[in-house]
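S.K.: Dropping the structure in here first, questions after.
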2 protein chains.
Amino acid sequence: MNPLLASIEPSLIRALNARKRPSSIDLGLGEPALPPQQRFIDAAARESAERGLKYTLNAGDPELRALIARRYAYPGLSDARNVCVTNGSQEALYVVMKTLLDPARDEMLVVEPAYPAYVKIAQLEGIAVRPVGLSPADGFRYDVPAIVAALRPATRLIVLGSPANPTGRVLTRGASRELAAALSARAGAPVWILFDEVYRELTYVDDAGSPAADYPYTIVVNGLSKSNALTGLRLGWTIAPAPLCDELTKVHAWVTTAASTFSQRVARAIFSEPGALEEQAAWYRTQRAGVLTALRDSGLTAVEPDGAFYTCVQLPAGTDSVAAAYRLVDEHDVVAIPGRTFGATLEGWLRLSWVAPLDAFREGLARIARAALV
Amino acid sequence: MNPLLASIEPSLIRALNARKRPSSIDLGLGEPALPPQQRFIDAAARESAERGLKYTLNAGDPELRALIARRYAYPGLSDARNVCVTNGSQEALYVVMKTLLDPARDEMLVVEPAYPAYVKIAQLEGIAVRPVGLSPADGFRYDVPAIVAALRPATRLIVLGSPANPTGRVLTRGASRELAAALSARAGAPVWILFDEVYRELTYVDDAGSPAADYPYTIVVNGLSKSNALTGLRLGWTIAPAPLCDELTKVHAWVTTAASTFSQRVARAIFSEPGALEEQAAWYRTQRAGVLTALRDSGLTAVEPDGAFYTCVQLPAGTDSVAAAYRLVDEHDVVAIPGRTFGATLEGWLRLSWVAPLDAFREGLARIARAALV
């Protein structure tokens, strides 16, 4: 067996979900509760009736790639050649890390709290990870000096998500420029940024930035899972400088050949209809207003999300987040994800998603508040 | 960059395809020309309207997994827990090799002529490959003594496909039993068999065997691409002993999360309708009869396929297969794949697919015969 597998712990989230009951208030969900826009699925089914379901090119349908590149129009990255379509943004993350880093020499910096897959993929590839923790005292805001101070000579990649899972924090335009300036000023081989913007369409503040606008060594990862309630479509992509995109495509080709042609047709239909990509964001904006009120009413210390559909709430000092999450599901019938899952800096916190109806979210918060005070 | 990437040559097949003209007779295709069974795509679209498109479990929809396991009913492998659903059989191959082998110690035996991805994936993972070549003199039939003689102490995995791409040869029931007996008799850690049966439904002989029926250390890989003309669906699976299946699922989860829920619904509909999986095989059986006649008429030395939709034809002694393939496309407007792509033993041959209309196949053969004699 591959010895790297032994280093990967079983998923805590899965273990918790296994204890969920039908009656449970589920604030652990990592996917939208809205239905997807069926018209795009029907369009793809009709197209399949006419044209079958053959392979696309490894990098994806050129028309879809051009639509994606033009939609985001990042400087130097606005051509079809800059896009590789993947089986979900998870495969995009995997392919980028595998392509860009030499496990024998390179180190990856993960800005935590962070989506656990960043570290898990690195473990699977034998890539050394250095975590840098954002501060609870600062509400886990992106702290560029702390990120830059954590760089080492071996660091070749910084992974950061914005809006972030689990905190909902965004990298502001100012912070993105500050980071770009600091990295550009460094001597030696460039440090790349892997910018995970899978929650991009669910942004509720005006000053969100992107390193892809500021820094040429940026690789963007995104997908339709969150914006369009299509987690089950497995449709993601990377946007990268063309020579690197060719290398990413080579790895992608041997890992999965290509993304689903059906899923790519759904995506082409979405990208071809103005407004379709951001249509569901309105629901989240309304929901967020209710969530902010509920958080204030709860008396809990919480992160007010700039984006995505999560918040993090603080447990009483000294509380073990994993033990608390087990107690919550077993004794209070609420599913919440322990902060430790997202890095040491979020220990003592829980991640809550707010895709459930607002009443359920309020009731869940009330149970957490009661349980936490015991 | 990951230094393993540099060892992977660009795809010859892609380079050849780039020279194809609209007028070309394309005998290079690696996918069915039939349309898929649209009723299953429509059924999945209707189900999505009712239930959305959320994630399945990492290993796939339990109902689909059970249907797959029961359909093949291999001894000890007939339960849902034995199946992990993947983004195409390509991801299945990737995940199996990555999970099972330690690149620092283990070696993989590839029985050639072989689908090029087996070696490419190993190169991407840094896994040592030992090729064992089947003999042209024997029509590339599976030669168990040759395979067993090629084993080394470090060999932990034998990869073989049946029906094989590119030769169409099957592993007979007798050869499968002979291989199982030889491997079982060996001392030390078991040697696993990765059995790629993605062309299984397209078998035209009665004595095809499977190591999964004979040998407990077998992992089966399959998918809907070829049987149901659904290459663009990206729906494959592995069938393996349950403890190994859990490890495969762990790797699969971090590489791509899960297979497309839409694709899994199409698969569930196919597996639920008796006869749907083998419905298209009738067309290939009829086509094969015409192909055999055309091959005999052509005067070329050819492999008569036991399965799949390929044949291999021999070039005059000393001909370089890559140069011949370029000359064929550029001067004779016929696309054929050079044998060298599939291993050294097939150098001097071309792989032809016969999914094109029979007239086109005949005309392509005639042009190859004329060109080869010049």
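Simple scheme: letters A, B, ... for chains in structure tokens order, numbers from 1 for residues in each chain, numbers from 1 for ligands in the order shown.
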Compile the contact shell of segment 228-239 of chain B as JSON, numbers by chain: residues with an atom at most 6 Å away, counting only C-alpha atoms, same-chain residues fewer than 5 positions apart removed.
M.R.: {"A": [53, 54, 55, 260, 261], "B": [32, 36, 82, 83, 84, 85, 86, 87, 88, 89, 92, 219, 220, 221, 222, 223, 263]}
S.K.: Identify, on the basis of only C-alpha atoms, every residue whose closest approach to Asp246 of chain A does not exceed 10 Å; exclude the query and any residue fewer than 3 positions from it along the same chain; express the result as a ChimeraX atom specification.
M.R.: /A:59,81-84,240-243,249-252
S.K.: What residues in segment 20-230 of chain A get the DSSP label strand (DSSP E)? Please answer as a ChimeraX atom specification.
M.R.: /A:25-26,83-87,107-112,128-133,155-161,192-196,218-223
S.K.: Hey, which of A:Leu300, A:Leu183, A:Leu202, A:Leu27 ends up closest to Ala281 of chain A? Count only C-alpha atoms.
M.R.: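 Between A:Leu300, A:Leu183, A:Leu202, A:Leu27, the residue approaching Ala281 of chain A most closely is A:Leu202.
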S.K.: Choose the residue, out of A:Gly307, A:Lys226, A:Ala323, A:Phe271, that has the smallest atom-to-atom separation from Arg70 of chain A; count only C-alpha atoms.
M.R.: A:Phe271
S.K.: Would you please extract all alpha helix (DSSP H) residues from segment 73-266 of chain A, as assigned by DSSP on the backbone, and give them as a PyMOL selection string?
M.R.: chain A and resi 88-100+117-125+144-149+173-184+211-214+242-256+261-266
S.K.: As a list in words, please: the residues near Leu151 of chain A (cut-off 10 Å, only C-alpha atoms, same-chain neighbours under 6 positions excluded).
M.R.: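 Within the cut-off, the hits are Glu107, Met108, Leu109, Arg130, Val132, Leu157, Ile158, Leu183 and Val191 of chain A.
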S.K.: Please produce an output containing N, CA and C atoms for each residue in the selection, written as a short mmCIF file (atom, residue, chain, number, x, y, z; two decimals), in the first residue's frame.
M.R.:
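The resulting file, again_26.cif, is reproduced below:
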```
data_model
loop_
_atom_site.label_atom_id
_atom_site.label_comp_id
_atom_site.auth_asym_id
_atom_site.auth_seq_id
_atom_site.Cartn_x
_atom_site.Cartn_y
_atom_site.Cartn_z
N GLU A 107 7.47 23.46 -0.40
CA GLU A 107 6.58 23.55 0.75
C GLU A 107 5.37 24.41 0.36
N MET A 108 4.26 24.08 0.98
CA MET A 108 3.02 24.80 0.69
C MET A 108 2.55 25.50 1.95
N LEU A 109 2.15 26.74 1.82
CA LEU A 109 1.65 27.51 2.96
C LEU A 109 0.13 27.50 2.91
N ARG A 130 3.08 24.08 5.64
CA ARG A 130 3.28 24.98 6.77
C ARG A 130 1.97 25.75 6.97
N VAL A 132 -0.33 28.75 8.52
CA VAL A 132 -0.24 30.05 9.19
C VAL A 132 -1.65 30.40 9.65
N LEU A 157 4.07 27.76 -2.87
CA LEU A 157 2.63 27.93 -3.11
C LEU A 157 1.95 28.37 -1.81
N ILE A 158 1.08 29.38 -1.95
CA ILE A 158 0.20 29.79 -0.84
C ILE A 158 -1.21 29.45 -1.26
N LEU A 183 4.87 39.75 -2.37
CA LEU A 183 5.41 38.59 -3.10
C LEU A 183 6.25 39.03 -4.29
N VAL A 191 6.68 32.73 -5.74
CA VAL A 191 5.73 31.99 -4.91
C VAL A 191 4.37 32.11 -5.59
#
```
S.K.: Looking at only C-alpha atoms, which of A:Val144, A:Val329, A:Val255, A:Ala187 is the one that sits closest to Ile121 of chain B?
M.R.: A:Val255
S.K.: Just checking: using only C-alpha atoms, which residue out of A:Ile337, A:Ala180, A:Ala137, A:Ala185 ends up closest to Thr301 of chain A?
M.R.: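 Distance minimum relative to Thr301 of chain A lands on A:Ala137.
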S.K.: Please provide as an NGL selection string all residues within 8 Å of Leu292 of chain B, with the sequence filter that same-chain residues fewer than 4 positions apart are discarded (counting only C-alpha atoms).
M.R.: :B and (288 or 296 or 304)
S.K.: Considering only C-alpha atoms, state which residue in the set B:Leu134, B:Leu328, B:Ala269, B:Ala44 is at the smallest distance from chain A.
M.R.: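 Of B:Leu134, B:Leu328, B:Ala269, B:Ala44, the one nearest chain A, counting only C-alpha atoms, is B:Ala44.
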S.K.: What's around Arg200 of chain A at 10 Å? Count only C-alpha atoms, leave out sequence neighbours fewer than 4 positions away in its own chain, and write the answer as a compact mmCIF listing (two decimals) with C-alpha atoms, in the first residue's frame.
M.R.:
```txt
# COMPACT_ATOMS: atom_id res chain seq x y z
CA GLY A 161 -9.86 30.65 -0.16
CA SER A 162 -12.04 33.72 -0.44
CA PRO A 163 -14.81 33.86 0.60
CA ALA A 164 -13.34 31.36 3.00
CA VAL A 170 -12.97 37.57 2.07
CA ASP A 196 -9.94 29.10 -4.27
CA TYR A 204 -21.91 40.19 0.49
CA ALA A 208 -13.52 41.67 -2.16
CA SER A 210 -8.56 38.66 -6.12
CA ASN A 222 -13.72 27.66 -9.01
CA GLY A 223 -16.79 25.64 -9.95
CA LYS A 226 -22.00 26.55 -4.61
CA SER A 227 -23.14 29.35 -6.94
CA GLU A 278 -25.42 34.98 -9.71
CA ALA A 281 -27.03 34.90 -4.60
CA GLY A 307 -19.39 35.63 1.90
CA ALA A 308 -20.19 31.89 1.57
```
S.K.: Would you work out the distance separating atom CA of Val119 of chain B from atom CA of Ala150 of chain B, expressed in Å to one decimal?
M.R.: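 Spanning atom CA of Val119 of chain B to atom CA of Ala150 of chain B is a straight-line distance of 16.3 Å.
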S.K.: Write out as a list in words the residues lying within 7 Å of Leu57 of chain A, counting only C-alpha atoms and excluding same-chain residues fewer than 3 positions away.
M.R.: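 My list of contacting residues is Gly60, Asp61 and Ala258 of chain A.
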S.K.: Could you turn the residues from that selection into a file that holds N, CA and C atoms, as a short mmCIF file (atom, residue, chain, number, x, y, z; two decimals), in the first residue's frame?
M.R.:
```
data_model
loop_
_atom_site.label_atom_id
_atom_site.label_comp_id
_atom_site.auth_asym_id
_atom_site.auth_seq_id
_atom_site.Cartn_x
_atom_site.Cartn_y
_atom_site.Cartn_z
N GLY A 60 -11.37 20.40 -21.83
CA GLY A 60 -12.78 20.79 -21.85
C GLY A 60 -13.19 21.37 -23.19
N ASP A 61 -14.51 21.57 -23.33
CA ASP A 61 -15.10 22.16 -24.52
C ASP A 61 -14.54 23.58 -24.72
N ALA A 258 -11.18 13.75 -18.68
CA ALA A 258 -11.87 15.01 -18.97
C ALA A 258 -13.04 15.11 -18.00
#
```
S.K.: Go through A:Ala15, A:Leu277, A:Ala43, A:Leu101 and flag the residue nearest chain B, using only C-alpha atoms for the distances.
M.R.: A:Leu101
S.K.: Could you pull the residues within 9 Å of Val355 of chain A, counting only C-alpha atoms, minus those fewer than 3 positions along the same chain, as JSON, numbers by chain?
M.R.: {"A": [27, 29, 30, 31, 32, 33, 34, 284, 287, 309, 310, 358, 361]}
S.K.: Report, in Å with one decimal, the straight-line distance from atom CA of Ser321 of chain B to atom CA of Ala128 of chain B.
M.R.: 25.7 Å
S.K.: How many Å separate atom CA of Thr172 of chain A from atom CA of Ile147 of chain A?
M.R.: 14.4 Å
